[in-house]
>>> print(open('protein03.cif').read())   # mmCIF, C-alpha atoms
data_protein
loop_
_atom_site.group_PDB
_atom_site.id
_atom_site.type_symbol
_atom_site.label_atom_id
_atom_site.label_comp_id
_atom_site.auth_asym_id
_atom_site.auth_seq_id
_atom_site.Cartn_x
_atom_site.Cartn_y
_atom_site.Cartn_z
ATOM 1 C CA GLN A 10 9.325 20.603 4.193
ATOM 2 C CA ILE A 11 12.195 21.947 6.293
ATOM 3 C CA ALA A 12 13.847 18.516 6.289
ATOM 4 C CA ALA A 13 13.423 18.268 2.515
ATOM 5 C CA TYR A 14 14.833 21.770 2.067
ATOM 6 C CA LEU A 15 17.871 20.839 4.188
ATOM 7 C CA GLY A 16 18.262 17.466 2.444
ATOM 8 C CA LEU A 17 17.550 15.575 5.655
ATOM 9 C CA PRO A 18 15.387 12.486 6.054
ATOM 10 C CA SER A 19 12.078 12.943 7.848
ATOM 11 C CA HIS A 20 9.617 10.715 9.672
ATOM 12 C CA GLY A 21 5.991 11.128 10.621
ATOM 13 C CA TYR A 22 3.015 9.209 11.968
ATOM 14 C CA LEU A 23 0.671 10.015 9.098
ATOM 15 C CA CYS A 24 -1.081 6.820 8.005
ATOM 16 C CA LEU A 25 -3.059 6.280 11.193
ATOM 17 C CA SER A 26 -6.622 6.962 12.235
ATOM 18 C CA ASP A 27 -8.687 7.998 15.226
ATOM 19 C CA ALA A 28 -11.399 5.540 14.093
ATOM 20 C CA LYS A 29 -12.216 2.715 16.482
ATOM 21 C CA VAL A 30 -12.946 0.147 13.739
ATOM 22 C CA PRO A 31 -11.510 -0.291 10.233
ATOM 23 C CA ASP A 32 -14.233 1.672 8.445
ATOM 24 C CA MET A 33 -14.572 4.549 5.984
ATOM 25 C CA GLN A 34 -13.269 7.041 8.560
ATOM 26 C CA ALA A 35 -10.155 4.920 9.033
ATOM 27 C CA GLY A 36 -9.577 4.719 5.271
ATOM 28 C CA PHE A 37 -10.171 8.428 4.777
ATOM 29 C CA GLU A 38 -7.824 9.486 7.579
ATOM 30 C CA SER A 39 -5.089 7.059 6.546
ATOM 31 C CA GLY A 40 -5.368 8.055 2.893
ATOM 32 C CA MET A 41 -5.286 11.776 3.592
ATOM 33 C CA GLY A 42 -2.327 11.357 5.943
ATOM 34 C CA ALA A 43 -0.414 9.281 3.409
ATOM 35 C CA PHE A 44 -1.021 11.871 0.672
ATOM 36 C CA ALA A 45 0.053 14.672 3.015
ATOM 37 C CA ALA A 46 3.273 12.731 3.608
ATOM 38 C CA ALA A 47 3.827 12.362 -0.136
ATOM 39 C CA LEU A 48 3.311 16.072 -0.739
ATOM 40 C CA ALA A 49 5.510 17.252 2.156
ATOM 41 C CA PRO A 50 7.544 14.980 1.361
ATOM 42 C CA VAL A 51 8.107 12.716 4.363
ATOM 43 C CA ASN A 52 10.634 9.920 3.831
ATOM 44 C CA VAL A 53 9.387 7.414 6.424
ATOM 45 C CA VAL A 54 5.701 7.177 7.257
ATOM 46 C CA SER A 55 4.511 5.202 10.267
ATOM 47 C CA GLY A 56 1.025 4.427 11.442
ATOM 48 C CA ALA A 57 -0.196 1.885 8.905
ATOM 49 C CA GLY A 58 -2.724 -0.358 10.603
ATOM 50 C CA MET A 59 -2.997 1.903 13.655
ATOM 51 C CA MET A 60 -6.400 2.992 14.949
ATOM 52 C CA ASN A 61 -7.787 4.833 17.966
ATOM 53 C CA PHE A 62 -4.874 7.220 17.405
ATOM 54 C CA ILE A 63 -2.091 4.846 18.405
ATOM 55 C CA GLY A 64 -4.145 2.789 20.865
ATOM 56 C CA CYS A 65 -4.516 -0.355 18.793
ATOM 57 C CA GLN A 66 -3.411 -2.140 15.645
ATOM 58 C CA SER A 67 -5.757 -3.705 13.085
ATOM 59 C CA PHE A 68 -4.470 -6.352 10.690
ATOM 60 C CA GLU A 69 -7.380 -5.596 8.335
ATOM 61 C CA LYS A 70 -6.534 -1.884 8.308
ATOM 62 C CA LEU A 71 -2.879 -2.759 7.754
ATOM 63 C CA VAL A 72 -3.835 -4.663 4.581
ATOM 64 C CA PHE A 73 -5.905 -1.705 3.345
ATOM 65 C CA ASP A 74 -3.222 0.815 4.326
ATOM 66 C CA ALA A 75 -0.709 -1.155 2.245
ATOM 67 C CA GLU A 76 -2.984 -0.491 -0.750
ATOM 68 C CA ILE A 77 -3.132 3.204 0.169
ATOM 69 C CA CYS A 78 0.655 3.391 0.470
ATOM 70 C CA GLU A 79 1.133 1.677 -2.893
ATOM 71 C CA ALA A 80 -1.182 4.201 -4.568
ATOM 72 C CA VAL A 81 0.520 7.142 -2.852
ATOM 73 C CA LEU A 82 3.976 5.897 -3.852
ATOM 74 C CA LYS A 83 2.802 5.601 -7.459
ATOM 75 C CA PHE A 84 1.400 9.138 -7.252
ATOM 76 C CA ARG A 85 4.677 10.422 -5.841
ATOM 77 C CA ARG A 86 6.794 8.663 -8.509
ATOM 78 C CA GLY A 87 4.617 9.959 -11.304
ATOM 79 C CA PHE A 88 4.844 8.654 -14.840
ATOM 80 C CA GLU A 89 8.168 8.144 -16.561
ATOM 81 C CA SER A 90 8.943 9.447 -20.005
ATOM 82 C CA HIS A 91 10.399 6.642 -22.080
ATOM 83 C CA ASP A 92 11.675 8.956 -24.826
ATOM 84 C CA ASP A 93 9.573 7.117 -27.372
ATOM 85 C CA ASP A 94 8.288 8.603 -30.576
ATOM 86 C CA LEU A 95 4.801 9.444 -29.241
ATOM 87 C CA PRO A 96 3.362 10.536 -32.607
ATOM 88 C CA ALA A 97 4.419 7.168 -34.094
ATOM 89 C CA LEU A 98 2.797 5.339 -31.147
ATOM 90 C CA PHE A 99 -0.451 7.254 -31.658
ATOM 91 C CA ARG A 100 -0.408 6.517 -35.404
ATOM 92 C CA GLU A 101 0.160 2.819 -34.721
ATOM 93 C CA ALA A 102 -2.598 2.714 -32.101
ATOM 94 C CA ASN A 103 -5.004 4.577 -34.386
ATOM 95 C CA ALA A 104 -4.245 2.187 -37.242
ATOM 96 C CA GLY A 105 -6.660 -0.240 -35.645
ATOM 97 C CA LYS A 106 -4.336 -1.942 -33.190
ATOM 98 C CA GLY A 107 -5.167 0.073 -30.066
ATOM 99 C CA PHE A 108 -2.676 0.829 -27.304
ATOM 100 C CA LEU A 109 -3.049 -2.484 -25.467
ATOM 101 C CA SER A 110 -1.641 -4.452 -28.407
ATOM 102 C CA LEU A 111 1.485 -2.306 -28.789
ATOM 103 C CA LYS A 112 4.887 -3.630 -27.716
ATOM 104 C CA HIS A 113 5.489 -0.297 -25.939
ATOM 105 C CA THR A 114 2.434 -0.891 -23.728
ATOM 106 C CA ARG A 115 3.500 -4.448 -22.892
ATOM 107 C CA LEU A 116 6.956 -3.208 -21.889
ATOM 108 C CA HIS A 117 5.791 -0.404 -19.590
ATOM 109 C CA TYR A 118 2.245 -1.268 -18.454
ATOM 110 C CA ARG A 119 2.954 -2.903 -15.084
ATOM 111 C CA ARG A 120 5.426 -0.206 -14.058
ATOM 112 C CA GLU A 121 3.217 2.705 -15.089
ATOM 113 C CA VAL A 122 -0.274 1.527 -14.137
ATOM 114 C CA LEU A 123 -1.222 0.828 -10.535
ATOM 115 C CA ILE A 124 -2.640 -2.663 -10.269
ATOM 116 C CA PRO A 125 -4.416 -2.864 -6.918
ATOM 117 C CA GLY A 126 -4.134 -5.772 -4.535
ATOM 118 C CA PRO A 127 -6.893 -7.906 -3.056
ATOM 119 C CA ALA A 128 -8.354 -5.162 -0.843
ATOM 120 C CA ILE A 129 -9.578 -3.149 -3.817
ATOM 121 C CA ASP A 130 -12.478 -4.530 -5.874
ATOM 122 C CA ARG A 131 -12.477 -3.357 -9.482
ATOM 123 C CA LEU A 132 -14.322 -6.325 -10.952
ATOM 124 C CA PRO A 133 -17.318 -5.483 -13.142
ATOM 125 C CA GLN A 134 -19.626 -8.001 -11.468
ATOM 126 C CA GLU A 135 -21.085 -7.515 -8.036
ATOM 127 C CA ASN A 136 -18.910 -8.748 -5.221
ATOM 128 C CA PRO A 137 -20.812 -9.483 -2.038
ATOM 129 C CA LEU A 138 -17.790 -8.725 0.150
ATOM 130 C CA GLY A 139 -17.005 -5.239 1.377
ATOM 131 C CA VAL A 140 -13.465 -3.938 1.792
ATOM 132 C CA ARG A 141 -13.319 -4.946 5.457
ATOM 133 C CA GLU A 142 -14.294 -8.528 4.625
ATOM 134 C CA ARG A 143 -11.803 -8.705 1.743
ATOM 135 C CA CYS A 144 -9.013 -7.463 4.019
ATOM 136 C CA ALA A 145 -10.046 -9.967 6.717
ATOM 137 C CA ALA A 146 -9.787 -12.758 4.119
ATOM 138 C CA VAL A 147 -6.230 -11.630 3.273
ATOM 139 C CA VAL A 148 -5.344 -11.638 6.986
ATOM 140 C CA ARG A 149 -6.808 -15.141 7.459
ATOM 141 C CA GLY A 150 -4.794 -16.369 4.474
ATOM 142 C CA CYS A 151 -1.583 -14.914 5.897
ATOM 143 C CA LEU A 152 -2.226 -16.400 9.341
ATOM 144 C CA GLU A 153 -2.954 -19.833 7.844
ATOM 145 C CA LYS A 154 0.352 -19.745 5.944
ATOM 146 C CA SER A 155 2.399 -18.449 8.867
ATOM 147 C CA VAL A 156 4.761 -20.756 10.665
ATOM 148 C CA THR A 157 5.284 -20.422 14.368
ATOM 149 C CA ALA A 158 8.539 -21.720 15.731
ATOM 150 C CA GLU A 159 8.740 -22.571 19.396
ATOM 151 C CA LEU A 160 11.648 -21.346 21.448
ATOM 152 C CA PRO A 161 13.908 -23.963 22.953
ATOM 153 C CA LYS A 162 12.683 -24.765 26.494
ATOM 154 C CA GLU A 163 15.843 -23.441 28.148
ATOM 155 C CA MET A 164 15.573 -20.113 26.321
ATOM 156 C CA ALA A 165 11.867 -19.776 27.142
ATOM 157 C CA ALA A 166 12.579 -20.448 30.824
ATOM 158 C CA GLU A 167 15.398 -17.863 30.828
ATOM 159 C CA LEU A 168 13.124 -15.253 29.227
ATOM 160 C CA ARG A 169 10.348 -15.946 31.757
ATOM 161 C CA ALA A 170 12.856 -15.497 34.590
ATOM 162 C CA ILE A 171 13.960 -12.150 33.141
ATOM 163 C CA ILE A 172 10.454 -10.709 32.864
ATOM 164 C CA LYS A 173 9.235 -11.822 36.316
ATOM 165 C CA PHE A 174 8.882 -8.963 38.754
#
>>> encode(input="protein03.cif", output="structure tokens")
Amino acid sequence: QIAAYLGLPSHGYLCLSDAKVPDMQAGFESGMGAFAAALAPVNVVSGAGMMNFIGCQSFEKLVFDAEICEAVLKFRRGFESHDDDLPALFREANAGKGFLSLKHTRLHYRREVLIPGPAIDRLPQENPLGVRERCAAVVRGCLEKSVTAELPKEMAAELRAIIKF
């Protein structure tokens, strides 16, 4: 708050967890930390994916924390006023069309409504996967798509020589 008052940027490790596995404790601690950062406000938040305080990094938790950060950023931005004639919109919606069919909704829906990523399950049918399994599937997909480039042999040898004790 002091940094915000002075107009200075601020940084904090606030999206991390003391949990040892990516579980409900990890989600709760990361979520609460991210919201605390939004309310303070903190400009740069570190710690996404971190567990066991800062002892380890979890790719699955990183996927889930990205969802948390997206929701917190939406919360912090709030909803925009589009200076539309709201009474006219309500009359049009009540005339049997509903809000989802209005041009106004189509123009602003994606910007104003948080559409969660693959870690969050909002489907009406039962999904046998829990959040940890869904996040693990996202990680596997990313790792399968990733491309690893090998260093040229001369550069690799030079780096090995540098790090030898």
>>> residues_around(input="protein03.cif", residues="Leu48 in chain A", least_positions_apart="4", cutoff="12 Å", atoms="only C-alpha atoms", output="count of residues only")
13
>>> resolve_selection(input="protein03.cif", expression="the PyMOL selection byres ((chain A and resi 26-40) around 9)", output="PyMOL selection string")
chain A and resi 23-25+41-45+56-65+67+69-70+73-74+77-78+81+140-141
>>> residues_around(input="protein03.cif", residues="range 142-152 of chain A", least_positions_apart="6", cutoff="9 Å", atoms="only C-alpha atoms", output="ChimeraX atom specification")
/A:68-73,127-130
>>> atom_distance(input="protein03.cif", atom1="CA of Gly139 in chain A", atom2="CA of Pro125 in chain A")
15.3 Å
>>> atom_distance(input="protein03.cif", atom1="CA of Val122 in chain A", atom2="CA of Ser90 in chain A")
13.5 Å
>>> atom_distance(input="protein03.cif", atom1="CA of Tyr118 in chain A", atom2="CA of His91 in chain A")
11.9 Å
>>> axis_aligned_box(input="protein03.cif", around="range 113-131 of chain A", padding_each_side="5 Å", output="AutoDock Vina command-line options")
--center_x -2.8 --center_y -2.6 --center_z -13.4 --size_x 29.4 --size_y 20.6 --size_z 35.1
